[in-house]
There are 2 protein chains.
Amino acid sequence: MARSPSATSPSPEPKKPAYHHGDLRRALLDATVQLIEEQGLEAVSVREVARRTGVSPGAPFRHFPSRTALLTAVAEVAQERLVQAVEASLRNEDQVDPLLKFRAIGRGFLRWAFANPTHFQVISSRAVIEYERPSLRERNDGLRGTMHALLTQAAATGGLRPGEVSRHVLAGRALVYGLARMHIDGQFPSWGVDGANALDESIAILDQFIASISA
Amino acid sequence: MARSPSATSPSPEPKKPAYHHGDLRRALLDATVQLIEEQGLEAVSVREVARRTGVSPGAPFRHFPSRTALLTAVAEVAQERLVQAVEASLRNEDQVDPLLKFRAIGRGFLRWAFANPTHFQVISSRAVIEYERPSLRERNDGLRGTMHALLTQAAATGGLRPGEVSRHVLAGRALVYGLARMHIDGQFPSWGVDGANALDESIAILDQFIASISA
DNA sequence: ACCTGAACACCGTTCAAGT
DNA sequence: ACCTGAACACCGTTCAAGT
C-alpha cells in the first residue's frame with residue numbers, strides 16, 4: 001500500500017519534492033471531497049485528509065485554521081456549483097411565462113441536490129459555514145431577487161394567486177429545500193416514495209405547487 | 001468538584017450505592033439531552049456524558065452499544081414528543097373544516113420544532129436514527145394517514161384544488177420540514193427574515209400555502 | 001448484574017525544528 | 001515560506017477485574 005516516490009529520482013538537483021508542493025490547498029480540498037463522497041461527512045478527519053494527500057498531520061493547518069474551516073471551504077465550492085446549476089437551469093428555460101421560469105429555478109435546485117447529495121449535505125449542515133463570503137452572499141441575494149421579480153411579474157399580469165409575493169418565494173424555497181433534505185435524510189421511504197423515484201416525485205410535487213399558486 | 005457519597009453512610013448494610021445505580025440508562029439520556037441543549041449536538045461525547053453522570057468512561061456502553069445508539073435513543077424520545085405535540089395541536093383545533101385541521105397539524109409541527117430546535121436537530125440528523133422502532137413507525141404512519149384522509153375529505157367536498165392528494169400531503173410536509181430546517185440551519189436572516197420573527201413568518205407562509213391549495 | 005479503570009487506536013491542534 | 005514530527009489533551013470502544 002505504501003509507495004516511495006523518491007526511488008526513481010537519480011538526479012540530486014531540485015527534483016525530489018514531487019507532489020506535495022505547489023497547491024497543497026487545492027489537493028486538500030480535493031481529498032476532502034473525495035473522502036466525503038466515499039465515506040460520508042462524519043468520516044472526514046484532518047489526519048485522514050493529510051494522509052491521503054501525503055503530508056504530515058499538521059500540514060493542513062497551514063492552509064485551514066481548523067477542521068471546520070476546511071469543511072467551510074468545501075461548502076463554498078459546493079454552494080457555488082449549486083447556484084451555477086440553478087442559473088443554468090433558468091437560462092435553459094425557453095418559456096417566457098414567469099411562473100415557468102420560477103419553476104425552472106426550483107427544478108434546477110432539486111436536480112442538483114439529488115445528483116450531488118453529499119455536496120448538498122455539506123452545504124446545508126449548520127455550523128459548517130460560519131462566516132459568509134460576500135461573493136456567495138451576493139450571488140444568493142441575486143437569485144432571491146430574481147425569484148421575487150419573477151413572481152412580482154406574474155402577479156402583475158394576473159397569473160398569481162393572492163398573497164404576499166415574498167411569502168410565495170419563501171414557500172417555494174422552503175419546499176425544495178425540504179424535499180432535498182428529506183431525500184438526504186432518507187425520509188422518502190417512510191412517506192411511501194421509493195428512493196429511486198424521489199427526484200421525479202419531488203419535481204411532480206414542485207410542479208403541483210406551482211400550479212397551486214397560479215391564478 | 002468531586003464528591004464521595006460513601007462518607008455519610010454508617011450502616012454497613014445495602015446503603016452505599018447512592019445515585020449511580022437503579023436507572024443509569026435514564027440518567028445518561030437526561031445528561032445527553034442537557035449537554036445537547038447547552039453545547040449543541042457535536043459536543044456530545046460519551047465520556048462527557050459519563051462524567052456528568054458520575055460514572056466511568058466505559059459504563060454507558062453497558063446500556064448503549066455505541067455513541068450513535070445513545071443519540072438514537074434521544075432522537076426517539078424527541079420524535080415521540082413531536083408527534084404528541086402535533087396530535088395535541090390537531091385535537092385542540094375546534095374547526096371542522098378538513099383544511100383547517102390539516103393546517104393545525106402543520107402549525108403544531110412548526111411550533112414544536114421552533115420551540116425545541118436542538119431536539120428537532122437530533123431528529124432530523126441523518127444516520128442518527130438507523131433502525132426504526134415499530135411503535136414510532138406506526139405513529140408516524142398514523143399521522144400520515146390522518147393528513148391524507150383530511151385532504152381526501154377536502155377534495156370530496158370540493159374544497160381542494162386539483163392535483164394528487166398524496167402530493168399535496170407531501171408538499172405540506174416538505175414545506176414545514178424545510179421551514180424548520182431553514183430555521184435551525186440559520187438561513188432565515190439571509191432570506192430577509194429576522195430570526196425572532198421566523199416562527200410567525202413560517203406560520204404565515206404555511207397559512208398562505210393552505211390558502212393556495214384551497215379551491 | 002453492573003461498574004471500574006486501564007488499555008488501544010484513534011482525533012484536532014500546536015509548535016519547535018528542519019529544508 | 002512551507003512542511004515535519006513529536007507532543008498534548010482529548011475521543012470511542014473493549015475488557016479483564018472488582019463489588
# chains A, B, ... in the order shown; residues from 1 in each chain; ligands from 1
$ interface_residues --of "chain C" --to "chain B" --cutoff "8 Å" --atoms "only C-alpha atoms (C1' of nucleotides)" --output "PyMOL selection string"
chain C and resi 3-5
$ select_by_dssp --residues "segment 84-177 of chain A" --states "alpha helix (DSSP H)" --output "PyMOL selection string"
chain A and resi 84-91+98-115+117-123+134-156+165-177
$ write_last_selection --atoms "C-alpha atoms" --output "compact mmCIF listing (two decimals), in the first residue's frame"
# COMPACT_ATOMS: atom_id res chain seq x y z
CA GLN A 84 -24.42 27.93 -11.11
CA ALA A 85 -26.58 24.88 -11.78
CA VAL A 86 -29.70 26.83 -10.84
CA GLU A 87 -28.70 29.75 -13.03
CA ALA A 88 -28.05 27.40 -15.93
CA SER A 89 -31.45 25.80 -15.45
CA LEU A 90 -33.05 29.23 -15.56
CA ARG A 91 -31.17 30.17 -18.74
CA PRO A 98 -42.54 33.98 -15.24
CA LEU A 99 -44.08 31.13 -13.29
CA LEU A 100 -42.43 28.62 -15.59
CA LYS A 101 -39.13 30.40 -15.12
CA PHE A 102 -39.70 30.27 -11.38
CA ARG A 103 -40.35 26.59 -11.73
CA ALA A 104 -37.12 26.15 -13.70
CA ILE A 105 -35.20 27.56 -10.74
CA GLY A 106 -36.80 25.07 -8.40
CA ARG A 107 -36.22 22.20 -10.77
CA GLY A 108 -32.57 23.14 -11.14
CA PHE A 109 -32.22 23.18 -7.37
CA LEU A 110 -33.85 19.77 -7.00
CA ARG A 111 -31.86 18.17 -9.80
CA TRP A 112 -28.55 19.39 -8.46
CA ALA A 113 -29.33 18.46 -4.87
CA PHE A 114 -30.41 14.95 -5.82
CA ALA A 115 -27.45 14.47 -8.12
CA PRO A 117 -26.35 14.57 -2.17
CA THR A 118 -23.08 14.74 -0.27
CA HIS A 119 -22.30 18.22 -1.52
CA PHE A 120 -25.79 19.30 -0.64
CA GLN A 121 -25.36 17.81 2.79
CA VAL A 122 -22.21 19.83 3.40
CA ILE A 123 -23.93 23.00 2.25
CA PRO A 134 -19.51 38.25 0.33
CA SER A 135 -19.31 36.87 -3.19
CA LEU A 136 -21.59 33.97 -2.31
CA ARG A 137 -23.89 36.23 -0.38
CA GLU A 138 -24.20 38.43 -3.43
CA ARG A 139 -24.95 35.57 -5.72
CA ASN A 140 -27.51 34.16 -3.37
CA ASP A 141 -29.17 37.53 -2.98
CA GLY A 142 -29.18 37.87 -6.74
CA LEU A 143 -31.06 34.62 -7.12
CA ARG A 144 -33.50 35.60 -4.43
CA GLY A 145 -34.08 38.88 -6.22
CA THR A 146 -34.72 37.05 -9.46
CA MET A 147 -37.28 34.81 -7.81
CA HIS A 148 -39.03 37.79 -6.30
CA ALA A 149 -39.04 39.66 -9.61
CA LEU A 150 -40.49 36.69 -11.45
CA LEU A 151 -43.39 36.30 -9.04
CA THR A 152 -43.98 40.04 -8.96
CA GLN A 153 -44.23 39.95 -12.73
CA ALA A 154 -46.61 37.00 -12.54
CA ALA A 155 -48.74 38.90 -10.03
CA ALA A 156 -48.81 42.00 -12.23
CA VAL A 165 -45.10 37.68 -3.04
CA SER A 166 -42.15 37.29 -0.66
CA ARG A 167 -44.03 34.55 1.15
CA HIS A 168 -44.66 32.72 -2.07
CA VAL A 169 -40.96 32.98 -2.81
CA LEU A 170 -40.01 31.64 0.60
CA ALA A 171 -42.60 28.89 0.36
CA GLY A 172 -41.04 27.76 -2.90
CA ARG A 173 -37.58 27.83 -1.48
CA ALA A 174 -38.59 26.02 1.72
CA LEU A 175 -40.43 23.43 -0.34
CA VAL A 176 -37.45 22.46 -2.49
CA TYR A 177 -35.10 22.70 0.46
$ closest_atom_pairs --of "chain B" --to "chain A" --cutoff "10 Å" --atoms "only C-alpha atoms" --output "JSON lines"
{"residue": "B:Glu42", "atom": "CA", "partner": "A:Ala127", "partner_atom": "CA", "distance": 9.7}
{"residue": "B:Gln121", "atom": "CA", "partner": "A:Arg126", "partner_atom": "CA", "distance": 10.0}
{"residue": "B:Ile123", "atom": "CA", "partner": "A:Asp185", "partner_atom": "CA", "distance": 9.9}
{"residue": "B:Ser124", "atom": "CA", "partner": "A:Asp185", "partner_atom": "CA", "distance": 6.9}
{"residue": "B:Ser125", "atom": "CA", "partner": "A:Asp185", "partner_atom": "CA", "distance": 6.9}
{"residue": "B:Arg126", "atom": "CA", "partner": "A:Asp185", "partner_atom": "CA", "distance": 4.9}
{"residue": "B:Ala127", "atom": "CA", "partner": "A:Asp185", "partner_atom": "CA", "distance": 7.9}
{"residue": "B:Val128", "atom": "CA", "partner": "A:Asp185", "partner_atom": "CA", "distance": 9.8}
{"residue": "B:Ile129", "atom": "CA", "partner": "A:Asp185", "partner_atom": "CA", "distance": 9.7}
{"residue": "B:Glu130", "atom": "CA", "partner": "A:Gly186", "partner_atom": "CA", "distance": 9.9}
{"residue": "B:Glu132", "atom": "CA", "partner": "A:Ser190", "partner_atom": "CA", "distance": 10.0}
{"residue": "B:Arg137", "atom": "CA", "partner": "A:Ser190", "partner_atom": "CA", "distance": 8.0}
{"residue": "B:Asn140", "atom": "CA", "partner": "A:Ser190", "partner_atom": "CA", "distance": 8.5}
{"residue": "B:Asp141", "atom": "CA", "partner": "A:Ser190", "partner_atom": "CA", "distance": 7.9}
{"residue": "B:Arg144", "atom": "CA", "partner": "A:Trp191", "partner_atom": "CA", "distance": 7.7}
{"residue": "B:Leu160", "atom": "CA", "partner": "A:Ser212", "partner_atom": "CA", "distance": 9.9}
{"residue": "B:Arg161", "atom": "CA", "partner": "A:Ser212", "partner_atom": "CA", "distance": 7.0}
{"residue": "B:Pro162", "atom": "CA", "partner": "A:Ser212", "partner_atom": "CA", "distance": 8.2}
{"residue": "B:Gly163", "atom": "CA", "partner": "A:Gln208", "partner_atom": "CA", "distance": 6.6}
{"residue": "B:Glu164", "atom": "CA", "partner": "A:Gln208", "partner_atom": "CA", "distance": 8.3}
{"residue": "B:Ser166", "atom": "CA", "partner": "A:Ile205", "partner_atom": "CA", "distance": 9.3}
{"residue": "B:Arg167", "atom": "CA", "partner": "A:Ile205", "partner_atom": "CA", "distance": 5.6}
{"residue": "B:His168", "atom": "CA", "partner": "A:Ile205", "partner_atom": "CA", "distance": 7.3}
{"residue": "B:Val169", "atom": "CA", "partner": "A:Ile205", "partner_atom": "CA", "distance": 9.5}
{"residue": "B:Leu170", "atom": "CA", "partner": "A:Ile205", "partner_atom": "CA", "distance": 7.6}
{"residue": "B:Ala171", "atom": "CA", "partner": "A:Ile205", "partner_atom": "CA", "distance": 6.2}
{"residue": "B:Gly172", "atom": "CA", "partner": "A:Leu175", "partner_atom": "CA", "distance": 8.2}
{"residue": "B:Arg173", "atom": "CA", "partner": "A:Gly178", "partner_atom": "CA", "distance": 8.3}
{"residue": "B:Ala174", "atom": "CA", "partner": "A:Gly178", "partner_atom": "CA", "distance": 4.7}
{"residue": "B:Leu175", "atom": "CA", "partner": "A:Leu175", "partner_atom": "CA", "distance": 4.5}
{"residue": "B:Val176", "atom": "CA", "partner": "A:Gly178", "partner_atom": "CA", "distance": 7.6}
{"residue": "B:Tyr177", "atom": "CA", "partner": "A:Gly178", "partner_atom": "CA", "distance": 5.4}
{"residue": "B:Gly178", "atom": "CA", "partner": "A:Gly178", "partner_atom": "CA", "distance": 3.6}
{"residue": "B:Leu179", "atom": "CA", "partner": "A:Ala174", "partner_atom": "CA", "distance": 5.4}
{"residue": "B:Ala180", "atom": "CA", "partner": "A:Gly178", "partner_atom": "CA", "distance": 8.7}
{"residue": "B:Arg181", "atom": "CA", "partner": "A:Gly178", "partner_atom": "CA", "distance": 7.4}
{"residue": "B:Met182", "atom": "CA", "partner": "A:Ala174", "partner_atom": "CA", "distance": 7.3}
{"residue": "B:Ile184", "atom": "CA", "partner": "A:Arg126", "partner_atom": "CA", "distance": 7.6}
{"residue": "B:Asp185", "atom": "CA", "partner": "A:Arg126", "partner_atom": "CA", "distance": 4.9}
{"residue": "B:Gly186", "atom": "CA", "partner": "A:Arg126", "partner_atom": "CA", "distance": 7.3}
{"residue": "B:Gln187", "atom": "CA", "partner": "A:Arg126", "partner_atom": "CA", "distance": 9.3}
{"residue": "B:Phe188", "atom": "CA", "partner": "A:Leu170", "partner_atom": "CA", "distance": 9.5}
{"residue": "B:Ser190", "atom": "CA", "partner": "A:Asp141", "partner_atom": "CA", "distance": 7.9}
{"residue": "B:Trp191", "atom": "CA", "partner": "A:Arg144", "partner_atom": "CA", "distance": 7.7}
{"residue": "B:Gly192", "atom": "CA", "partner": "A:Ser166", "partner_atom": "CA", "distance": 9.4}
{"residue": "B:Val193", "atom": "CA", "partner": "A:Leu170", "partner_atom": "CA", "distance": 9.9}
{"residue": "B:Glu201", "atom": "CA", "partner": "A:Arg167", "partner_atom": "CA", "distance": 8.2}
{"residue": "B:Ser202", "atom": "CA", "partner": "A:Ala171", "partner_atom": "CA", "distance": 8.7}
{"residue": "B:Ala204", "atom": "CA", "partner": "A:Arg167", "partner_atom": "CA", "distance": 7.8}
{"residue": "B:Ile205", "atom": "CA", "partner": "A:Arg167", "partner_atom": "CA", "distance": 5.6}
{"residue": "B:Leu206", "atom": "CA", "partner": "A:Ala171", "partner_atom": "CA", "distance": 7.8}
{"residue": "B:Asp207", "atom": "CA", "partner": "A:Gly163", "partner_atom": "CA", "distance": 9.9}
{"residue": "B:Gln208", "atom": "CA", "partner": "A:Gly163", "partner_atom": "CA", "distance": 6.6}
{"residue": "B:Phe209", "atom": "CA", "partner": "A:Ala171", "partner_atom": "CA", "distance": 7.4}
{"residue": "B:Ile210", "atom": "CA", "partner": "A:Ser212", "partner_atom": "CA", "distance": 9.8}
{"residue": "B:Ala211", "atom": "CA", "partner": "A:Gly163", "partner_atom": "CA", "distance": 8.8}
{"residue": "B:Ser212", "atom": "CA", "partner": "A:Ile213", "partner_atom": "CA", "distance": 5.6}
{"residue": "B:Ile213", "atom": "CA", "partner": "A:Ser212", "partner_atom": "CA", "distance": 5.6}
{"residue": "B:Ser214", "atom": "CA", "partner": "A:Ser212", "partner_atom": "CA", "distance": 8.5}
{"residue": "B:Ala215", "atom": "CA", "partner": "A:Ser212", "partner_atom": "CA", "distance": 9.4}
$ calpha_fit_and_write --fixed "chain A" --moving "chain B" --output "mmCIF file with C-alpha atoms, in the first residue's frame"
data_model
loop_
_atom_site.group_PDB
_atom_site.id
_atom_site.type_symbol
_atom_site.label_atom_id
_atom_site.label_comp_id
_atom_site.auth_asym_id
_atom_site.auth_seq_id
_atom_site.Cartn_x
_atom_site.Cartn_y
_atom_site.Cartn_z
ATOM 1 C CA MET B 1 1.184 0.964 0.270
ATOM 2 C CA ALA B 2 3.988 3.451 0.959
ATOM 3 C CA ARG B 3 5.911 5.015 -1.886
ATOM 4 C CA SER B 4 9.244 6.803 -1.805
ATOM 5 C CA PRO B 5 9.179 9.407 -4.563
ATOM 6 C CA SER B 6 12.841 10.265 -4.193
ATOM 7 C CA ALA B 7 14.115 6.894 -5.435
ATOM 8 C CA THR B 8 14.047 7.849 -9.106
ATOM 9 C CA SER B 9 15.593 11.301 -9.066
ATOM 10 C CA PRO B 10 19.258 11.248 -10.039
ATOM 11 C CA SER B 11 19.530 14.974 -10.574
ATOM 12 C CA PRO B 12 20.607 16.760 -7.376
ATOM 13 C CA GLU B 13 18.923 19.967 -8.484
ATOM 14 C CA PRO B 14 15.349 21.082 -7.564
ATOM 15 C CA LYS B 15 13.521 17.909 -8.619
ATOM 16 C CA LYS B 16 12.714 16.083 -5.397
ATOM 17 C CA PRO B 17 9.434 17.651 -4.254
ATOM 18 C CA ALA B 18 7.270 15.618 -6.557
ATOM 19 C CA TYR B 19 3.618 15.910 -5.504
ATOM 20 C CA HIS B 20 3.070 17.388 -2.060
ATOM 21 C CA HIS B 21 4.061 20.807 -3.057
ATOM 22 C CA GLY B 22 2.571 23.367 -5.349
ATOM 23 C CA ASP B 23 -1.085 23.197 -4.529
ATOM 24 C CA LEU B 24 -1.521 21.231 -1.344
ATOM 25 C CA ARG B 25 -4.600 23.287 -0.578
ATOM 26 C CA ARG B 26 -6.397 22.015 -3.631
ATOM 27 C CA ALA B 27 -5.179 18.478 -3.065
ATOM 28 C CA LEU B 28 -6.628 18.558 0.463
ATOM 29 C CA LEU B 29 -9.937 19.878 -0.807
ATOM 30 C CA ASP B 30 -10.120 17.146 -3.436
ATOM 31 C CA ALA B 31 -9.260 14.436 -0.923
ATOM 32 C CA THR B 32 -11.943 15.744 1.434
ATOM 33 C CA VAL B 33 -14.610 15.693 -1.244
ATOM 34 C CA GLN B 34 -13.639 12.177 -2.219
ATOM 35 C CA LEU B 35 -13.688 11.024 1.383
ATOM 36 C CA ILE B 36 -17.139 12.512 1.910
ATOM 37 C CA GLU B 37 -18.369 10.816 -1.221
ATOM 38 C CA GLU B 38 -16.989 7.466 -0.077
ATOM 39 C CA GLN B 39 -17.772 7.434 3.619
ATOM 40 C CA GLY B 40 -20.006 10.346 4.427
ATOM 41 C CA LEU B 41 -19.541 13.639 6.195
ATOM 42 C CA GLU B 42 -18.944 12.218 9.661
ATOM 43 C CA ALA B 43 -16.021 10.136 8.445
ATOM 44 C CA VAL B 44 -14.003 13.202 7.522
ATOM 45 C CA SER B 45 -10.985 13.576 9.774
ATOM 46 C CA VAL B 46 -8.115 15.919 9.122
ATOM 47 C CA ARG B 47 -5.666 13.108 9.734
ATOM 48 C CA GLU B 48 -7.296 10.847 7.199
ATOM 49 C CA VAL B 49 -7.334 13.647 4.645
ATOM 50 C CA ALA B 50 -3.651 14.244 5.346
ATOM 51 C CA ARG B 51 -2.939 10.526 5.006
ATOM 52 C CA ARG B 52 -4.686 10.352 1.637
ATOM 53 C CA THR B 53 -2.779 13.368 0.428
ATOM 54 C CA GLY B 54 0.506 11.918 1.613
ATOM 55 C CA VAL B 55 1.412 14.621 4.094
ATOM 56 C CA SER B 56 1.931 14.734 7.836
ATOM 57 C CA PRO B 57 -0.990 15.187 10.278
ATOM 58 C CA GLY B 58 -0.128 18.801 10.939
ATOM 59 C CA ALA B 59 0.313 19.888 7.347
ATOM 60 C CA PRO B 60 -3.348 20.722 6.604
ATOM 61 C CA PHE B 61 -3.304 23.287 9.371
ATOM 62 C CA ARG B 62 -0.964 25.429 7.303
ATOM 63 C CA HIS B 63 -3.853 25.874 4.861
ATOM 64 C CA PHE B 64 -6.980 25.569 7.003
ATOM 65 C CA PRO B 65 -7.052 26.720 10.604
ATOM 66 C CA SER B 66 -9.409 23.961 11.681
ATOM 67 C CA ARG B 67 -11.371 20.968 10.529
ATOM 68 C CA THR B 68 -14.429 23.204 10.333
ATOM 69 C CA ALA B 69 -12.598 25.636 8.076
ATOM 70 C CA LEU B 70 -11.703 22.768 5.761
ATOM 71 C CA LEU B 71 -15.349 21.721 5.550
ATOM 72 C CA THR B 72 -16.397 25.322 5.079
ATOM 73 C CA ALA B 73 -14.139 25.530 2.058
ATOM 74 C CA VAL B 74 -15.740 22.407 0.638
ATOM 75 C CA ALA B 75 -19.173 23.853 1.314
ATOM 76 C CA GLU B 76 -18.290 27.012 -0.557
ATOM 77 C CA VAL B 77 -17.233 25.081 -3.612
ATOM 78 C CA ALA B 78 -20.420 23.042 -3.429
ATOM 79 C CA GLN B 79 -22.675 26.047 -2.989
ATOM 80 C CA GLU B 80 -21.076 27.747 -5.945
ATOM 81 C CA ARG B 81 -21.831 24.700 -8.060
ATOM 82 C CA LEU B 82 -25.409 24.624 -6.838
ATOM 83 C CA VAL B 83 -25.975 28.242 -7.741
ATOM 84 C CA GLN B 84 -24.413 27.693 -11.145
ATOM 85 C CA ALA B 85 -26.628 24.682 -11.775
ATOM 86 C CA VAL B 86 -29.702 26.680 -10.852
ATOM 87 C CA GLU B 87 -28.662 29.567 -13.076
ATOM 88 C CA ALA B 88 -28.054 27.171 -15.949
ATOM 89 C CA SER B 89 -31.471 25.638 -15.454
ATOM 90 C CA LEU B 90 -33.003 29.084 -15.611
ATOM 91 C CA ARG B 91 -31.104 29.974 -18.778
ATOM 92 C CA ASN B 92 -32.178 26.759 -20.468
ATOM 93 C CA GLU B 93 -35.845 27.476 -19.861
ATOM 94 C CA ASP B 94 -37.155 28.714 -23.191
ATOM 95 C CA GLN B 95 -40.608 29.655 -21.956
ATOM 96 C CA VAL B 96 -41.180 33.287 -21.144
ATOM 97 C CA ASP B 97 -43.942 32.755 -18.588
ATOM 98 C CA PRO B 98 -42.423 34.009 -15.315
ATOM 99 C CA LEU B 99 -44.012 31.201 -13.335
ATOM 100 C CA LEU B 100 -42.405 28.633 -15.611
ATOM 101 C CA LYS B 101 -39.081 30.359 -15.158
ATOM 102 C CA PHE B 102 -39.646 30.296 -11.428
ATOM 103 C CA ARG B 103 -40.368 26.597 -11.731
ATOM 104 C CA ALA B 104 -37.160 26.083 -13.686
ATOM 105 C CA ILE B 105 -35.200 27.495 -10.755
ATOM 106 C CA GLY B 106 -36.836 25.065 -8.382
ATOM 107 C CA ARG B 107 -36.316 22.158 -10.728
ATOM 108 C CA GLY B 108 -32.649 23.035 -11.108
ATOM 109 C CA PHE B 109 -32.295 23.114 -7.348
ATOM 110 C CA LEU B 110 -33.970 19.748 -6.928
ATOM 111 C CA ARG B 111 -32.022 18.076 -9.709
ATOM 112 C CA TRP B 112 -28.691 19.254 -8.381
ATOM 113 C CA ALA B 113 -29.485 18.380 -4.789
ATOM 114 C CA PHE B 114 -30.623 14.878 -5.702
ATOM 115 C CA ALA B 115 -27.666 14.320 -8.007
ATOM 116 C CA ASN B 116 -25.170 15.541 -5.417
ATOM 117 C CA PRO B 117 -26.555 14.472 -2.045
ATOM 118 C CA THR B 118 -23.277 14.604 -0.170
ATOM 119 C CA HIS B 119 -22.442 18.053 -1.441
ATOM 120 C CA PHE B 120 -25.917 19.201 -0.574
ATOM 121 C CA GLN B 121 -25.497 17.752 2.879
ATOM 122 C CA VAL B 122 -22.311 19.720 3.446
ATOM 123 C CA ILE B 123 -23.975 22.909 2.269
ATOM 124 C CA SER B 124 -26.964 22.509 4.508
ATOM 125 C CA SER B 125 -25.183 21.253 7.616
ATOM 126 C CA ARG B 126 -25.134 24.076 9.993
ATOM 127 C CA ALA B 127 -22.062 25.363 11.807
ATOM 128 C CA VAL B 128 -20.014 24.252 8.882
ATOM 129 C CA ILE B 129 -20.405 27.491 7.016
ATOM 130 C CA GLU B 130 -19.771 30.085 9.645
ATOM 131 C CA TYR B 131 -18.410 33.156 7.960
ATOM 132 C CA GLU B 132 -20.108 34.133 4.755
ATOM 133 C CA ARG B 133 -17.949 34.883 1.796
ATOM 134 C CA PRO B 134 -19.244 38.073 0.167
ATOM 135 C CA SER B 135 -19.101 36.640 -3.343
ATOM 136 C CA LEU B 136 -21.439 33.798 -2.431
ATOM 137 C CA ARG B 137 -23.690 36.121 -0.524
ATOM 138 C CA GLU B 138 -23.979 38.285 -3.607
ATOM 139 C CA ARG B 139 -24.798 35.422 -5.853
ATOM 140 C CA ASN B 140 -27.380 34.076 -3.475
ATOM 141 C CA ASP B 141 -28.975 37.485 -3.137
ATOM 142 C CA GLY B 142 -28.988 37.763 -6.892
ATOM 143 C CA LEU B 143 -30.922 34.554 -7.233
ATOM 144 C CA ARG B 144 -33.350 35.598 -4.541
ATOM 145 C CA GLY B 145 -33.867 38.867 -6.371
ATOM 146 C CA THR B 146 -34.551 37.012 -9.591
ATOM 147 C CA MET B 147 -37.156 34.836 -7.917
ATOM 148 C CA HIS B 148 -38.834 37.868 -6.438
ATOM 149 C CA ALA B 149 -38.817 39.694 -9.763
ATOM 150 C CA LEU B 150 -40.335 36.717 -11.577
ATOM 151 C CA LEU B 151 -43.225 36.410 -9.147
ATOM 152 C CA THR B 152 -43.743 40.165 -9.124
ATOM 153 C CA GLN B 153 -44.012 40.034 -12.884
ATOM 154 C CA ALA B 154 -46.461 37.135 -12.660
ATOM 155 C CA ALA B 155 -48.548 39.103 -10.177
ATOM 156 C CA ALA B 156 -48.559 42.176 -12.402
ATOM 157 C CA THR B 157 -49.911 40.221 -15.352
ATOM 158 C CA GLY B 158 -52.560 38.615 -13.167
ATOM 159 C CA GLY B 159 -50.979 35.180 -13.195
ATOM 160 C CA LEU B 160 -50.424 34.801 -9.474
ATOM 161 C CA ARG B 161 -52.821 34.004 -6.675
ATOM 162 C CA PRO B 162 -53.270 36.644 -3.990
ATOM 163 C CA GLY B 163 -50.705 36.848 -1.211
ATOM 164 C CA GLU B 164 -47.384 38.439 -0.365
ATOM 165 C CA VAL B 165 -44.903 37.886 -3.161
ATOM 166 C CA SER B 166 -41.969 37.476 -0.786
ATOM 167 C CA ARG B 167 -43.896 34.791 1.051
ATOM 168 C CA HIS B 168 -44.551 32.922 -2.147
ATOM 169 C CA VAL B 169 -40.839 33.121 -2.873
ATOM 170 C CA LEU B 170 -39.920 31.801 0.539
ATOM 171 C CA ALA B 171 -42.555 29.085 0.337
ATOM 172 C CA GLY B 172 -41.047 27.889 -2.910
ATOM 173 C CA ARG B 173 -37.561 27.922 -1.507
ATOM 174 C CA ALA B 174 -38.609 26.165 1.731
ATOM 175 C CA LEU B 175 -40.489 23.580 -0.295
ATOM 176 C CA VAL B 176 -37.542 22.528 -2.448
ATOM 177 C CA TYR B 177 -35.173 22.779 0.496
ATOM 178 C CA GLY B 178 -37.490 20.589 2.539
ATOM 179 C CA LEU B 179 -37.838 18.037 -0.244
ATOM 180 C CA ALA B 180 -34.070 17.868 -0.709
ATOM 181 C CA ARG B 181 -33.483 17.508 3.020
ATOM 182 C CA MET B 182 -36.154 14.840 3.320
ATOM 183 C CA HIS B 183 -34.283 12.996 0.631
ATOM 184 C CA ILE B 184 -30.856 13.080 2.249
ATOM 185 C CA ASP B 185 -32.430 12.409 5.632
ATOM 186 C CA GLY B 186 -33.936 9.277 4.138
ATOM 187 C CA GLN B 187 -37.510 10.213 4.942
ATOM 188 C CA PHE B 188 -39.226 9.491 1.660
ATOM 189 C CA PRO B 189 -39.733 5.773 2.249
ATOM 190 C CA SER B 190 -41.664 6.429 5.447
ATOM 191 C CA TRP B 191 -43.862 8.809 3.445
ATOM 192 C CA GLY B 192 -44.713 6.164 0.941
ATOM 193 C CA VAL B 193 -42.274 7.221 -1.765
ATOM 194 C CA ASP B 194 -39.640 4.817 -2.991
ATOM 195 C CA GLY B 195 -36.181 6.348 -2.836
ATOM 196 C CA ALA B 196 -35.657 5.731 -6.543
ATOM 197 C CA ASN B 197 -38.705 7.831 -7.406
ATOM 198 C CA ALA B 198 -37.939 10.589 -4.971
ATOM 199 C CA LEU B 199 -36.674 13.074 -7.552
ATOM 200 C CA ASP B 200 -39.541 12.578 -9.994
ATOM 201 C CA GLU B 201 -42.038 12.788 -7.188
ATOM 202 C CA SER B 202 -40.381 15.913 -5.815
ATOM 203 C CA ILE B 203 -40.554 17.580 -9.200
ATOM 204 C CA ALA B 204 -44.206 16.615 -9.494
ATOM 205 C CA ILE B 205 -44.846 18.142 -6.089
ATOM 206 C CA LEU B 206 -43.069 21.315 -7.124
ATOM 207 C CA ASP B 207 -45.107 21.469 -10.327
ATOM 208 C CA GLN B 208 -48.303 21.081 -8.358
ATOM 209 C CA PHE B 209 -47.212 23.838 -6.008
ATOM 210 C CA ILE B 210 -46.548 26.141 -8.949
ATOM 211 C CA ALA B 211 -49.967 25.292 -10.312
ATOM 212 C CA SER B 212 -51.491 26.042 -6.916
ATOM 213 C CA ILE B 213 -50.083 29.543 -6.759
ATOM 214 C CA SER B 214 -51.100 30.236 -10.355
ATOM 215 C CA ALA B 215 -54.200 32.326 -10.844
#
$ residues_around --residues "DA9 of chain D" --least-positions-apart "5" --cutoff "12 Å" --atoms "only C-alpha atoms (C1' of nucleotides)" --output "number ranges by chain"
C: 11-14
